[in-house]
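Accompanying notes for the structure given below.
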Amino acid sequence: MMADEVFYFYQKAVPPSICDDIIKYGNSLIKEKAFTGSVKLKTIRPLKNKEVKNKDKIRKSKVAWITDPWVYREIKPYIYLANKQANWNFHIHGFEAIQFTEYARNEHYDFHVDTFFTKGDQTRKISLTLNLSDPNNYEGGDLCFRYLRRDNHMLVEHTVKEIKQKGTVCVFPSYEVHKVSPVTKGVRYSLVLWSIGKPFK
């Protein structure tokens with residue numbers, strides 16, 4: 001299924017002071033090592049050294065989880081707005097917990113999709129990421145999409161340079177292939193929010 005737009009972004013949508021408040025709050029929470037997709041492997045048995053190393057090649061960062069209403073109020077409207085403006089018109093039934101992510105030097109998340117089934121036969125439909133960091137405080141950590149061009153069906157990679165601005169929101173269908181390139185200097189903080197609904201038909 002192809003959407004009319006691969007992604008939508010809203011530059012400097014969230015005020016810097018709010019971004020700073022979220023970073024302060026996120027850093028007060030207990031962070032955990034980020035895992036890809038499901039954490040079943042972590043809960044069923046300990047990962048072997050080789051498995052841990054391989055997972056680090058795909059994703060390496062720290063995350064904490066936010067469920068406070070005031071944070072949702074700052075970012076949820078952009079999912080509804082992009083869903084309408086991009087003509088995706090996906091049916092949304094709810095939202096998952098907000099992921100606060102810390103990317104330190106050499107940390108990253110290779111190409112992946114966000115969509116997978118959750119409890120109650122729901123699936124992720126629209127993803128949102130908010131850059132909380134000042135671009136002068138880090139290097140690297142770029143958000144990049146990989147997709148087929150509609151006009152010539154060529155596979156392209158597009159870096160969303162606008163997302164580097166503090167407070168900028170990027171919204172996209174959760175099935176779009178994307179990555180966060182390695183941070184080469186400093187620390188990048190971001191939020192990720194997923195909307196969920198019944199599976200696509």
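Identifiers in this document derive from the order of the structure tokens: chains are assigned A, B, ..., residues are numbered from 1 separately in each chain, and ligands are numbered from 1 in order of occurrence.
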Find the spatial neighbours of stretch 17-28 of chain A, counting only C-alpha atoms, within a cut-off of 12 Å - ignore same-chain residues fewer than 3 positions away - and output them as a PyMOL selection string.
chain A and resi 12-14+31-32+62-68+70-75+98-102+130-134+165-169+187-191
Can you list, as a PyMOL selection string, every residue of chain A that DSSP puts in helix (DSSP H, G or I)?
chain A and resi 16-28+40-44+49-58+69-85+135-137+161-164
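Using only C-alpha atoms, the residues found no farther than 8 Å from A:Gly140, other than those of its own chain fewer than 5 positions away, are Ser181, Pro182, Val183, Thr184 and Lys185 of chain A.
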Leaving out stretch 147-159 of chain A and any residue of its chain fewer than 3 positions from it, which residues lie within 10 Å of it when counting only C-alpha atoms, given as number ranges by chain?
A: 2, 4, 6, 142-144, 162-163, 176-181
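With atom CA of A:Gly197 on one side and atom CA of A:Tyr109 on the other, the separation reads 24.7 Å.
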Test item, strand (DSSP E) assignment across stretch 44-172 of chain A, answer as number ranges by chain:
A: 59-60, 62-66, 94-95, 98-103, 108-112, 117-118, 122-131, 138-140, 143-148, 155-159, 169-172
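Here the question is which of A:Ser61, A:Ser174, A:Thr36, A:Asn87 gets nearest to A:Thr129 using only C-alpha atoms, and that residue is A:Ser174.
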